[in-house]
Structure formats: structure tokens, C-alpha cells
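Structure file my_file38.txt (compact mmCIF, C-alpha atoms) is printed below.
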# COMPACT_ATOMS: atom_id res chain seq x y z
CA MET A 1 32.90 10.04 9.85
CA PHE A 2 29.36 10.45 8.65
CA ASP A 3 29.17 14.12 7.68
CA PHE A 4 25.86 15.62 8.82
CA ASN A 5 27.08 19.14 8.04
CA LEU A 6 27.39 18.28 4.38
CA ILE A 7 23.79 17.05 4.38
CA ILE A 8 22.56 20.26 6.00
CA LYS A 9 24.63 22.35 3.60
CA SER A 10 23.47 20.61 0.43
CA LEU A 11 19.86 20.04 1.47
CA PRO A 12 18.53 23.36 0.06
CA MET A 13 20.10 22.61 -3.33
CA LEU A 14 18.79 19.05 -3.34
CA LEU A 15 15.30 20.21 -2.41
CA GLN A 16 15.40 22.73 -5.24
CA ALA A 17 16.37 19.99 -7.68
CA SER A 18 13.62 17.75 -6.31
CA VAL A 19 11.10 20.34 -7.49
CA TRP A 20 12.23 19.47 -11.02
CA THR A 21 11.86 15.79 -10.24
CA VAL A 22 8.26 16.42 -9.18
CA ILE A 23 7.55 18.62 -12.23
CA TYR A 24 9.04 16.14 -14.69
CA SER A 25 7.37 13.09 -13.20
CA LEU A 26 3.94 14.63 -12.67
CA SER A 27 3.82 16.22 -16.11
CA SER A 28 4.86 12.94 -17.71
CA VAL A 29 2.11 11.15 -15.78
CA ALA A 30 -0.40 13.79 -16.94
CA ILE A 31 0.65 13.46 -20.60
CA GLY A 32 0.95 9.69 -20.21
CA PHE A 33 -2.58 9.57 -18.85
CA CYS A 34 -3.92 11.20 -22.05
CA ILE A 35 -1.89 8.83 -24.23
CA GLY A 36 -2.92 5.88 -22.09
CA THR A 37 -6.61 6.79 -22.30
CA LEU A 38 -6.49 7.06 -26.08
CA MET A 39 -4.54 3.82 -26.42
CA CYS A 40 -6.89 2.06 -24.03
CA ALA A 41 -9.93 3.27 -25.99
CA ALA A 42 -8.23 2.19 -29.22
CA GLY A 43 -7.43 -1.20 -27.74
CA LEU A 44 -11.05 -1.80 -26.79
CA SER A 45 -12.51 -0.36 -30.00
CA ALA A 46 -14.01 -2.35 -32.85
CA SER A 47 -11.39 -1.06 -35.28
CA ARG A 48 -8.79 -3.67 -36.12
CA LEU A 49 -6.16 -1.02 -36.88
CA GLY A 50 -6.81 0.70 -33.56
CA ARG A 51 -6.43 -2.55 -31.65
CA GLY A 52 -3.24 -3.38 -33.54
CA VAL A 53 -1.66 0.01 -32.89
CA ALA A 54 -2.59 -0.13 -29.19
CA ALA A 55 -1.23 -3.67 -28.77
CA PHE A 56 2.02 -2.73 -30.50
CA TYR A 57 2.40 0.42 -28.43
CA VAL A 58 1.78 -1.26 -25.09
CA SER A 59 3.99 -4.22 -25.92
CA PHE A 60 6.92 -2.07 -27.09
CA PHE A 61 6.97 0.49 -24.31
CA ARG A 62 6.52 -2.15 -21.63
CA GLY A 63 8.96 -4.53 -23.27
CA VAL A 64 11.96 -2.21 -23.59
CA PRO A 65 13.80 -0.89 -20.51
CA LEU A 66 13.06 2.79 -19.89
CA LEU A 67 16.77 3.55 -19.91
CA VAL A 68 17.04 2.22 -23.47
CA GLN A 69 14.00 4.27 -24.52
CA LEU A 70 15.64 7.36 -23.04
CA LEU A 71 18.92 6.66 -24.83
CA ILE A 72 17.07 6.24 -28.12
CA SER A 73 15.20 9.52 -27.73
CA TYR A 74 18.39 11.29 -26.65
CA TYR A 75 20.70 10.04 -29.41
CA CYS A 76 18.35 9.20 -32.26
CA LEU A 77 15.90 12.12 -32.33
CA PRO A 78 18.62 14.56 -33.57
CA LEU A 79 19.51 12.02 -36.28
CA ILE A 80 16.05 12.34 -37.80
CA GLY A 81 16.17 16.13 -37.49
CA VAL A 82 14.21 16.56 -34.26
CA ASN A 83 16.14 18.98 -32.11
CA VAL A 84 14.35 19.52 -28.82
CA PRO A 85 15.87 20.21 -25.39
CA SER A 86 16.89 17.02 -23.63
CA SER A 87 14.37 17.69 -20.85
CA VAL A 88 11.51 17.79 -23.36
CA ALA A 89 12.66 14.58 -25.02
CA ALA A 90 13.05 12.94 -21.62
CA VAL A 91 9.58 13.94 -20.40
CA GLY A 92 8.10 12.78 -23.72
CA THR A 93 9.78 9.41 -23.31
CA LEU A 94 8.65 9.07 -19.70
CA ALA A 95 5.11 9.94 -20.82
CA LEU A 96 5.13 7.34 -23.60
CA CYS A 97 6.44 4.73 -21.20
CA THR A 98 3.95 5.40 -18.40
CA GLY A 99 1.18 5.74 -21.00
CA ALA A 100 1.62 2.07 -21.87
CA TYR A 101 1.24 1.05 -18.22
CA ILE A 102 -1.69 3.42 -17.69
CA ALA A 103 -3.42 2.00 -20.77
CA GLU A 104 -3.19 -1.47 -19.23
CA ILE A 105 -4.41 -0.18 -15.84
CA LEU A 106 -7.37 1.68 -17.36
CA ARG A 107 -8.35 -1.39 -19.40
CA GLY A 108 -9.54 -3.08 -16.23
CA GLY A 109 -11.47 0.06 -15.30
CA PHE A 110 -13.08 0.43 -18.70
CA LEU A 111 -14.15 -3.22 -18.70
CA GLY A 112 -15.79 -2.69 -15.30
CA ILE A 113 -18.12 0.03 -16.59
CA PRO A 114 -21.69 -1.29 -16.89
CA HIS A 115 -22.64 -1.58 -20.53
CA GLY A 116 -26.07 -0.08 -19.95
CA LEU A 117 -24.52 3.16 -18.79
CA VAL A 118 -22.74 3.72 -22.09
CA GLU A 119 -25.84 2.71 -24.03
CA ALA A 120 -27.99 5.10 -22.02
CA ALA A 121 -25.50 7.92 -22.68
CA ARG A 122 -25.65 7.15 -26.39
CA MET A 123 -29.45 7.20 -26.29
CA VAL A 124 -29.41 10.58 -24.58
CA GLY A 125 -27.42 11.81 -27.55
CA LEU A 126 -23.91 12.22 -26.18
CA SER A 127 -21.17 11.98 -28.76
CA ARG A 128 -18.46 9.31 -28.61
CA ALA A 129 -15.92 11.85 -27.28
CA GLN A 130 -18.37 13.07 -24.65
CA ILE A 131 -19.09 9.55 -23.48
CA LEU A 132 -15.35 8.95 -23.18
CA THR A 133 -14.49 12.11 -21.25
CA ARG A 134 -17.66 12.52 -19.18
CA ILE A 135 -18.60 8.97 -18.33
CA GLU A 136 -16.01 6.34 -19.11
CA VAL A 137 -12.80 8.07 -18.01
CA PRO A 138 -14.12 9.36 -14.64
CA LEU A 139 -15.52 5.94 -13.79
CA ALA A 140 -12.43 4.08 -14.97
CA VAL A 141 -10.20 6.39 -12.92
CA ARG A 142 -12.35 5.81 -9.87
CA PHE A 143 -12.18 2.03 -10.29
CA THR A 144 -8.41 2.02 -10.79
CA LEU A 145 -7.28 4.85 -8.52
CA PRO A 146 -4.96 2.75 -6.30
CA SER A 147 -3.10 1.42 -9.36
CA LEU A 148 -2.86 4.89 -10.90
CA VAL A 149 -1.40 6.32 -7.70
CA ASN A 150 1.05 3.44 -7.59
CA GLU A 151 2.04 4.14 -11.19
CA THR A 152 2.65 7.79 -10.27
CA THR A 153 5.06 6.77 -7.51
CA MET A 154 6.76 4.43 -9.98
CA MET A 155 7.24 7.38 -12.33
CA VAL A 156 8.76 9.53 -9.59
CA LYS A 157 11.29 6.75 -9.13
CA ALA A 158 11.75 6.22 -12.85
CA SER A 159 12.40 9.93 -13.39
CA SER A 160 15.78 9.41 -11.71
CA LEU A 161 16.87 7.70 -14.95
CA ILE A 162 16.62 10.92 -16.95
CA SER A 163 19.76 12.03 -15.11
CA VAL A 164 21.61 9.63 -17.43
CA VAL A 165 20.66 11.70 -20.49
CA GLY A 166 21.88 14.89 -18.85
CA VAL A 167 18.67 16.40 -17.49
CA LEU A 168 19.17 18.23 -14.21
CA GLU A 169 16.92 16.85 -11.50
CA LEU A 170 17.41 15.36 -8.04
CA THR A 171 19.56 12.38 -9.02
CA ARG A 172 21.72 14.39 -11.40
CA LEU A 173 22.37 17.10 -8.83
CA ALA A 174 23.14 14.47 -6.19
CA GLN A 175 25.68 12.97 -8.59
CA ASN A 176 27.26 16.37 -9.17
CA ILE A 177 27.58 17.09 -5.45
CA ALA A 178 28.78 13.55 -4.70
CA THR A 179 31.59 13.73 -7.26
CA SER A 180 32.72 17.19 -6.18
CA THR A 181 32.71 16.47 -2.42
CA PHE A 182 33.83 12.80 -2.58
CA GLN A 183 31.16 11.99 -0.03
CA PRO A 184 28.64 9.96 -2.03
CA LEU A 185 27.05 8.08 0.87
CA GLU A 186 25.67 11.14 2.66
CA ILE A 187 24.41 12.74 -0.54
CA TYR A 188 22.76 9.66 -2.04
CA LEU A 189 21.11 8.75 1.26
CA THR A 190 19.70 12.28 1.43
CA ALA A 191 18.49 12.09 -2.16
CA GLY A 192 16.91 8.72 -1.43
CA ALA A 193 15.17 10.18 1.62
CA ILE A 194 13.74 13.02 -0.48
CA TYR A 195 12.37 10.52 -3.04
CA PHE A 196 10.93 8.51 -0.16
CA VAL A 197 9.14 11.58 1.21
CA ILE A 198 7.80 12.60 -2.22
CA ASN A 199 6.38 9.12 -2.74
CA GLY A 200 5.00 9.08 0.79
CA VAL A 201 3.12 12.31 0.13
CA ILE A 202 1.75 10.96 -3.17
CA THR A 203 0.62 7.74 -1.49
CA LEU A 204 -1.11 9.68 1.30
CA ALA A 205 -2.79 11.98 -1.23
CA GLY A 206 -3.96 8.89 -3.10
CA ARG A 207 -5.45 7.38 0.07
CA PHE A 208 -7.23 10.66 0.78
CA ALA A 209 -8.68 10.74 -2.73
CA GLU A 210 -9.78 7.13 -2.42
CA SER A 211 -11.59 7.73 0.84
CA ARG A 212 -13.34 10.78 -0.63
CA PHE A 213 -14.56 8.83 -3.63
CA ARG A 214 -15.74 6.03 -1.40
CA LEU A 215 -17.82 8.48 0.65
CA GLU A 216 -19.42 9.77 -2.47
CA THR A 217 -20.50 6.33 -3.65
CA ALA A 218 -21.76 5.45 -0.17
CA ARG A 219 -24.00 8.48 -0.17
CA MET B 1 21.04 9.22 -41.97
CA SER B 2 23.06 6.17 -42.94
CA PHE B 3 22.23 2.77 -41.58
CA ASN B 4 25.02 0.26 -41.30
CA PRO B 5 24.18 -3.02 -39.55
CA ALA B 6 27.76 -4.27 -40.08
CA ILE B 7 28.69 -2.40 -36.89
CA LEU B 8 26.69 -4.98 -34.97
CA THR B 9 28.06 -8.04 -36.75
CA ASP B 10 31.62 -6.73 -36.39
CA ASN B 11 31.23 -6.61 -32.63
CA TRP B 12 29.17 -9.74 -32.13
CA ARG B 13 31.55 -11.18 -29.53
CA GLU B 14 31.22 -8.26 -27.11
CA ILE B 15 27.48 -8.09 -27.67
CA LEU B 16 27.12 -11.79 -26.92
CA ASP B 17 29.22 -11.40 -23.76
CA GLY B 18 26.97 -8.53 -22.70
CA MET B 19 23.85 -10.62 -23.24
CA VAL B 20 25.26 -13.51 -21.24
CA LEU B 21 26.18 -11.18 -18.39
CA THR B 22 22.72 -9.56 -18.44
CA ILE B 23 21.07 -12.97 -18.16
CA LEU B 24 23.50 -14.15 -15.46
CA ILE B 25 22.90 -11.06 -13.32
CA TRP B 26 19.16 -11.33 -13.87
CA VAL B 27 19.02 -15.00 -12.85
CA ALA B 28 21.33 -14.53 -9.86
CA GLY B 29 19.59 -11.35 -8.71
CA THR B 30 16.15 -12.96 -9.04
CA ALA B 31 17.19 -16.14 -7.22
CA ILE B 32 18.75 -14.25 -4.31
CA GLY B 33 15.84 -11.79 -4.35
CA LEU B 34 13.33 -14.65 -4.05
CA ALA B 35 15.27 -16.06 -1.09
CA ILE B 36 15.36 -12.63 0.58
CA GLY B 37 11.67 -12.09 -0.13
CA LEU B 38 10.64 -15.44 1.32
CA ALA B 39 12.82 -14.96 4.41
CA VAL B 40 11.48 -11.45 4.99
CA ALA B 41 7.86 -12.59 4.62
CA VAL B 42 8.31 -15.55 6.96
CA ILE B 43 10.04 -13.42 9.62
CA GLN B 44 7.42 -10.69 9.32
CA LEU B 45 4.50 -13.07 9.66
CA PHE B 46 5.77 -15.64 12.13
CA THR B 47 8.12 -13.91 14.54
CA ASN B 48 7.85 -10.96 16.90
CA ARG B 49 7.47 -7.36 15.88
CA TRP B 50 11.00 -6.39 16.95
CA LEU B 51 12.21 -8.34 13.97
CA ALA B 52 9.28 -7.40 11.75
CA ALA B 53 9.49 -3.62 12.14
CA PRO B 54 13.01 -3.13 10.68
CA LEU B 55 12.08 -5.41 7.81
CA ALA B 56 8.94 -3.40 7.12
CA PHE B 57 11.19 -0.35 6.96
CA TYR B 58 13.53 -2.13 4.53
CA VAL B 59 10.61 -3.02 2.26
CA ALA B 60 9.18 0.51 2.37
CA VAL B 61 12.56 2.09 1.58
CA MET B 62 13.33 -0.25 -1.32
CA ARG B 63 9.88 0.33 -2.80
CA GLY B 64 9.85 4.06 -2.19
CA THR B 65 13.23 5.05 -3.62
CA PRO B 66 14.63 4.80 -7.15
CA PHE B 67 16.63 1.70 -8.04
CA LEU B 68 19.37 3.94 -9.44
CA ILE B 69 19.84 5.71 -6.08
CA GLN B 70 19.95 2.33 -4.33
CA LEU B 71 22.72 1.25 -6.68
CA PHE B 72 24.63 4.48 -6.04
CA VAL B 73 24.37 3.98 -2.28
CA ILE B 74 25.62 0.39 -2.51
CA TYR B 75 28.35 0.98 -5.10
CA TYR B 76 29.65 4.46 -4.20
CA GLY B 77 28.59 4.46 -0.54
CA GLY B 78 29.79 0.90 0.14
CA PRO B 79 33.44 1.84 0.72
CA PHE B 80 32.29 3.99 3.66
CA PHE B 81 31.43 0.73 5.45
CA GLY B 82 34.50 -1.00 4.08
CA LEU B 83 32.47 -2.68 1.33
CA ASP B 84 34.59 -2.29 -1.80
CA LEU B 85 32.34 -4.13 -4.21
CA THR B 86 33.02 -4.67 -7.90
CA PRO B 87 30.32 -3.14 -10.11
CA MET B 88 28.97 -6.57 -10.91
CA VAL B 89 28.66 -7.70 -7.28
CA ALA B 90 27.16 -4.35 -6.27
CA GLY B 91 24.72 -4.52 -9.17
CA THR B 92 23.62 -8.08 -8.46
CA ALA B 93 23.26 -7.32 -4.76
CA GLY B 94 21.26 -4.21 -5.59
CA LEU B 95 18.97 -6.13 -7.91
CA ALA B 96 18.47 -8.84 -5.27
CA LEU B 97 17.73 -6.35 -2.49
CA TYR B 98 15.35 -4.38 -4.71
CA GLY B 99 13.56 -7.47 -5.97
CA GLY B 100 13.53 -9.01 -2.50
CA ALA B 101 11.41 -6.17 -1.14
CA TYR B 102 8.78 -6.66 -3.83
CA PHE B 103 8.94 -10.46 -3.60
CA SER B 104 8.42 -10.30 0.17
CA GLU B 105 5.12 -8.45 -0.32
CA ILE B 106 4.01 -11.08 -2.82
CA PHE B 107 4.95 -13.94 -0.48
CA ARG B 108 3.17 -12.20 2.40
CA ALA B 109 -0.04 -11.96 0.42
CA GLY B 110 0.42 -15.61 -0.52
CA PHE B 111 0.78 -16.77 3.09
CA LEU B 112 -2.33 -14.85 4.04
CA SER B 113 -4.29 -16.46 1.21
CA VAL B 114 -4.07 -19.96 2.70
CA PRO B 115 -7.18 -20.56 4.85
CA PRO B 116 -6.30 -20.42 8.59
CA GLY B 117 -8.38 -23.55 9.22
CA GLN B 118 -5.79 -25.63 7.41
CA ILE B 119 -2.98 -24.29 9.56
CA GLU B 120 -5.01 -24.96 12.70
CA ALA B 121 -5.72 -28.48 11.51
CA ALA B 122 -2.03 -29.07 10.80
CA ARG B 123 -1.08 -27.71 14.20
CA MET B 124 -3.63 -29.99 15.87
CA MET B 125 -1.95 -32.90 14.19
CA GLY B 126 1.31 -31.87 15.82
CA ILE B 127 3.10 -30.66 12.70
CA GLY B 128 5.85 -28.14 13.47
CA ARG B 129 5.58 -24.49 12.41
CA LEU B 130 8.28 -24.71 9.75
CA ASP B 131 6.87 -27.96 8.40
CA ILE B 132 3.47 -26.31 8.08
CA VAL B 133 5.08 -23.54 6.05
CA ARG B 134 6.93 -26.01 3.86
CA HIS B 135 4.31 -28.68 3.30
CA VAL B 136 0.96 -26.94 3.76
CA GLN B 137 1.30 -23.22 2.99
CA LEU B 138 4.03 -22.96 0.35
CA PRO B 139 2.68 -25.53 -2.13
CA GLN B 140 -0.78 -23.96 -2.12
CA MET B 141 0.22 -20.33 -2.18
CA LEU B 142 2.85 -20.75 -4.89
CA VAL B 143 0.11 -21.52 -7.40
CA ILE B 144 -1.78 -18.40 -6.40
CA ILE B 145 1.18 -16.01 -6.39
CA LEU B 146 2.94 -17.44 -9.44
CA PRO B 147 1.61 -14.75 -11.84
CA ALA B 148 2.77 -11.98 -9.50
CA LEU B 149 6.18 -13.60 -9.03
CA ALA B 150 6.58 -14.05 -12.78
CA ASN B 151 5.57 -10.45 -13.36
CA MET B 152 8.18 -9.17 -10.93
CA THR B 153 10.83 -11.44 -12.41
CA VAL B 154 10.14 -10.02 -15.86
CA LEU B 155 10.31 -6.48 -14.44
CA LEU B 156 13.70 -7.24 -12.90
CA SER B 157 15.10 -8.26 -16.28
CA LYS B 158 14.39 -4.73 -17.48
CA GLU B 159 15.97 -3.20 -14.41
CA THR B 160 19.29 -4.86 -15.28
CA ALA B 161 19.73 -2.17 -17.94
CA VAL B 162 20.15 0.39 -15.15
CA LEU B 163 23.30 -1.42 -14.00
CA SER B 164 25.07 0.07 -17.01
CA VAL B 165 25.14 3.37 -15.09
CA ILE B 166 27.44 1.88 -12.43
CA THR B 167 29.67 0.51 -15.22
CA VAL B 168 28.58 -3.12 -15.23
CA ASN B 169 29.47 -4.50 -18.66
CA GLU B 170 26.03 -5.85 -19.41
CA LEU B 171 24.16 -5.60 -22.69
CA THR B 172 23.09 -1.94 -22.50
CA SER B 173 26.54 -0.79 -21.47
CA VAL B 174 28.31 -2.82 -24.22
CA VAL B 175 25.99 -1.72 -27.01
CA GLN B 176 26.01 1.88 -25.83
CA SER B 177 29.79 2.03 -25.84
CA ILE B 178 29.90 0.53 -29.35
CA GLY B 179 27.44 3.26 -30.33
CA SER B 180 29.48 6.07 -28.88
CA THR B 181 32.80 4.89 -30.34
CA THR B 182 31.37 4.39 -33.86
CA PHE B 183 28.71 7.14 -33.69
CA ALA B 184 26.28 4.56 -35.03
CA PHE B 185 23.61 5.42 -32.45
CA ALA B 186 20.61 4.49 -34.56
CA GLU B 187 21.83 0.99 -35.43
CA THR B 188 23.10 0.10 -31.99
CA LEU B 189 20.28 1.53 -29.87
CA LEU B 190 17.45 0.25 -32.06
CA PHE B 191 19.09 -3.16 -32.04
CA LEU B 192 19.33 -2.93 -28.25
CA ALA B 193 15.63 -2.12 -27.97
CA LEU B 194 14.72 -5.02 -30.27
CA VAL B 195 16.81 -7.49 -28.26
CA TYR B 196 15.17 -6.50 -24.97
CA TRP B 197 11.74 -6.48 -26.56
CA ALA B 198 12.15 -9.95 -28.03
CA PHE B 199 13.62 -11.24 -24.78
CA LEU B 200 10.77 -9.79 -22.72
CA GLU B 201 8.14 -11.22 -25.07
CA ILE B 202 9.72 -14.69 -24.87
CA VAL B 203 10.04 -14.62 -21.08
CA THR B 204 6.47 -13.32 -20.69
CA ALA B 205 5.10 -16.03 -22.98
CA ALA B 206 7.03 -18.69 -21.05
CA ALA B 207 5.64 -17.33 -17.78
CA ARG B 208 2.07 -17.49 -19.13
CA ARG B 209 2.58 -21.11 -20.17
CA LEU B 210 3.98 -22.01 -16.78
CA GLU B 211 1.02 -20.35 -15.06
CA LYS B 212 -1.40 -22.31 -17.20
CA ARG B 213 0.37 -25.59 -16.47
CA VAL B 214 0.61 -25.04 -12.75
CA GLY B 215 -2.90 -23.63 -12.52
CA ARG B 216 -4.42 -26.55 -14.43
CA PHE B 217 -5.52 -28.51 -11.40
CA MET B 218 -7.32 -25.46 -10.03
CA LEU B 219 -9.44 -25.15 -13.14
CA ARG B 220 -10.19 -28.86 -12.93
CA THR B 221 -11.37 -28.68 -9.34
CA GLN B 222 -13.50 -25.66 -10.09
CA SER B 223 -15.38 -27.24 -12.98
Structure re-expressed in C-alpha cells:
Amino acid sequence: MFDFNLIIKSLPMLLQASVWTVIYSLSSVAIGFCIGTLMCAAGLSASRLGRGVAAFYVSFFRGVPLLVQLLISYYCLPLIGVNVPSSVAAVGTLALCTGAYIAEILRGGFLGIPHGLVEAARMVGLSRAQILTRIEVPLAVRFTLPSLVNETTMMVKASSLISVVGVLELTRLAQNIATSTFQPLEIYLTAGAIYFVINGVITLAGRFAESRFRLETAR
Amino acid sequence: MSFNPAILTDNWREILDGMVLTILIWVAGTAIGLAIGLAVAVIQLFTNRWLAAPLAFYVAVMRGTPFLIQLFVIYYGGPFFGLDLTPMVAGTAGLALYGGAYFSEIFRAGFLSVPPGQIEAARMMGIGRLDIVRHVQLPQMLVIILPALANMTVLLSKETAVLSVITVNELTSVVQSIGSTTFAFAETLLFLALVYWAFLEIVTAAARRLEKRVGRFMLRTQS
């Protein structure tokens, strides 16, 4: 029999764990966004070294499965003397991975910025960093918002993989409950439903943000 | 930190087996996923909404939940429905169902990209609905959606690594277990990353070449 009581009983615990899922995935997107912006700027810069580093970074982190990246950070960081909690290592890895995708997304946005705008900003006397943070990034984000929101939902899903390296979040807790109750179907379906709702909320928030930005440009 | 590559050469047989299995699962999962995706897109676009609505739900669920959870539901939840699948069958099915949802969206966009005038013209000439799909829509849209299909196929090859969690003996699982029995984590895991990286680069380059070849006639007609 499908056990609805078990779902009701374990729902509070699962919801609590899903808070960690949200924290881990959103913070890795936030850090990844900074990394991605820098790498994107480096990739479009005149410096040969910058372009090389950015190309290498994007190619590596998009070319290796996230699970393998997580295993490397989990097992190999202690070998080189870096002893951080597994959650920190996991979020760092998620951030590096999403940073590579965000760099590629932002590239399109950066290339869409009218050249005259940047020139004008330079004429007005803004520094390179100011141009980046005040003009280029806001515009690039606005151009690429749907892709960035999509990448965020991808990261919520990808964060389930950090359960493999022993970080407690929604998937890990679901595994724990499933193995102790021997009723995996109910628990995993519930966990899946929670992920589905989280991503639904993020998608709706993204649509709202998009419509707001569109109003602003129309005005 | 000592670095001993001999651990890899000593176990080359298992590693090779793992690679072969990874590629087999990837190819099978992609092929079945493409079939699912095409079927879902055709049903959604050309039949009634009583068939389309459940499929839309399937696509939304597969795209909105983690692949790992989907695998858990199929592999650990399967016995509830009397589906006692081996890890490999469950993994391949999971990959196909996951990929199928994404492929269906790509195919849908493709079908919508063929001008409706052509379909009307074909219908006027008395060509059947399925023949229109096969001979008018598919050939044209495949060129347009090829980059997206190739992209998704490449993504699926990375997802195969997740199957190691449900104990499929593919590359990640094999190399990881060599690592944990010999404690040679650095050698094994870095090697693993390099293999995937090289594989992904090769597959991506092949996809770009294919796109160029197939897209050649479009460039010609444009110029």
C-alpha cells in the first residue's frame, strides 16, 4: 500500500532539509555569478592570458561531470592540506561549475551591449571596474535573465548531487529516511515534489522579474 | 602526496570495461530518449489535449526534478510496482526518460519552426498527416534543431556519471572504487576528470563538424 501517513510524518523533516538545498544552491549561484562575471570579462578582454584562463576554466568545468568535480574536491582537497567542511567544499565546487555556465550565458549579454555606451562611460571618466559593475553587468543580466533563471533551477537540481559527498540536504535526508523505513517510493516522490515546487517558485519569480524589467524599458 | 600512475595501468581492464559501459548506456539512453522525445512532441502537437496534458506534466516533472531523484524513484521505487530492474536497466531507462523530456521540447520547437504554408500546401496535395511529418517537416526542422539536439546529447553523456550512485558499474563507479580500495584518490579521480574532459571535447568537436556539414546548404541558399 502507498503509505500517505509516512509522507505526512516525514514532510516537516524533508521541508527542513530543503531549506539547506535552497541555501546551498542559491549561495553557489551567487558565488558562481561573481566567478562567471570575472571569467566572462576575462574571456572578452584584450589580454591573451585572460582569454586563455577563461577558455580553460569554461572548458574544464563544463567538460567534466559535476559528480566527478565533487568527488575530486571531497577526496583531493585534504590531500593538498585543505581541510574545510564538506559543505563548504561542495558549495565551492557547485559555484565553480555554475560559474562556467554563467560565464557562457553572460557572454551573449556582454556582446549585446552597444559599444557606444561603454565608450561614453569611459569618456565620462568611469573606471574599468565601475563600467563593469554599473553598466555592463546590469545590462548583461537584463539581456540574459531567462537563461540565468534557468541556470538557477539547474543548480537546485544539481545540488542533489552533493548528497553523494555526505552533505545533509534534501536528497541526503530522503535517502536516510528511505533506508530506515524501507519505503523509498513515498519518500523519493515527496522529495521530488519539493524540488519541483522550489523550481516552480524560482521560475515564477524569474517571470515576474522579466516582466518588471520589460515595463521599465517600455517606459 | 605521492603520485603513482601504475594504479591505473594495473587496473586497465576494469577501467576499459567501465568506459565501454558508459558509452553503451549513453548511446542507448540517447537513442531511446530521442524516440521518446519525438513521440511526445508529435502527440502533443497533433493529437487532442487529453493526450497532450499528461505528457506536458511528464515533461515538466522530468525537467523540474533532479536526475538523481528520478533514478532513485525508478530503481528503489520500481519494486513497489513490481518493476525489479537491474541497476543498468534502471539507469538507462532513467537517462532515456530524462533526455526524452528535453528532446521533446527541442522537437516541438522544431515542428513549430516549419512555415505553416508548407503544411497547408502539402495537405492540399492530399499528402497524409504522418507523411507530411516525415517528408516535409522532419527533414527541414532537423537541420534547425541539430545544434540543440547535439548539445543535449553531450549533456547526457555527463549525466551518465550519476548512474554510479545506483551502483551501475560505469566509468565513474569503477574508477572511484579503485580509488577507495587503493587510497589513490588523486591519481584515479584526476584521471577520471581528464577522460571525461577529453571525451566531451571530442564529442563536442564532432557535433560542430556535423552541424557545419548539415547546415552547408543553408549558408549556400542565403548567400
Q: Give me the residues within 9 Å of range 158-170 of chain B as a PyMOL selection string, counting all atoms listed in the file and dropping any in the same chain fewer than 4 places off.
A: (chain A and resi 63-68+161+164) or (chain B and resi 15+17-23+25-26+67-68+71-72+75-76+86-88+90-92+95+154+174-175+196+200)
Q. To one decimal place, how far is CA of Leu77 in chain A from CA of Gly43 in chain A in Å?
A. 27.3 Å
(Q) Could you tell me how far CA of Phe61 in chain A sits from CA of Cys76 in chain A, in Å to one decimal place? (A)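 Going from CA of Cys76 in chain A over to CA of Phe61 in chain A covers 16.4 Å.
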Q: Write out as a list in words the residues lying within 10 Å of Thr190 in chain A, counting all atoms listed in the file and excluding same-chain residues fewer than 3 positions away.
A: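 The neighbour list is Ile7, Ile8, Ser10, Leu11, Leu14, Leu15, Ala174, Pro184, Leu185, Glu186, Ile187, Ala193, Ile194, Tyr195 and Phe196 of chain A; Ile69 of chain B.
We find CA of Gln69 in chain A and CA of Ile162 in chain A to be spaced 10.4 Å apart.
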Q) Can you tell me, as a PyMOL selection string, what residues are no more than 8 Å from Ile36 in chain B when counting only C-alpha atoms, ignoring any on the same chain fewer than 6 positions away? A) chain B and resi 96-97+100-101+103-104
Give me the box for range 77-92 of chain B as AutoDock Vina command-line options, namely the centre and edge lengths in Å to one decimal of a box along x, y and z that holds every listed atom plus 4 Å on each side.
--center_x 29.1 --center_y -1.8 --center_z -2.7 --size_x 19.0 --size_y 20.5 --size_z 24.4
Q: Enumerate as a PyMOL selection string the residues belonging to chain B that approach chain A to within 10 Å, with only C-alpha atoms taken into account.
A: chain B and resi 1-2+60-81+154-162+164-165+172+176+179-180+183-190+192-201+204
Q. Nearest to Leu24 in chain B: which of B:Ala207, B:Gln140, B:Val89, B:Phe107 is it, counting all atoms listed in the file?
A. B:Val89
**Q.** Residue nearest Glu136 in chain A among A:Ser28, A:Cys40, A:Ile177, A:Val58 (counting all atoms listed in the file)
**A.** A:Cys40
Q: Would you please work out which residue, of A:Leu26, A:Val53, A:Ile135, A:Leu6, is nearest to Gly92 in chain A when using only C-alpha atoms?
A: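 Ranking A:Leu26, A:Val53, A:Ile135, A:Leu6 by distance to Gly92 in chain A, first place goes to A:Leu26.
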Q. Neighbours of Ala103 in chain A within 7 Å (only C-alpha atoms; same-chain residues fewer than 2 positions away dropped), as number ranges by chain?
A. A: 36-37, 39-40, 99-101, 105-107
(Q) Env of Ala148 in chain B: 10 Å cut, atoms = all atoms listed in the file, seq-sep filter 2 positions within chain, self excluded. Answer as a list in words. (A) Tyr102, Phe103, Ile106, Phe107, Gly110, Leu142, Ile144, Ile145, Leu146, Ala150, Asn151, Met152, Thr153 and Val154 of chain B
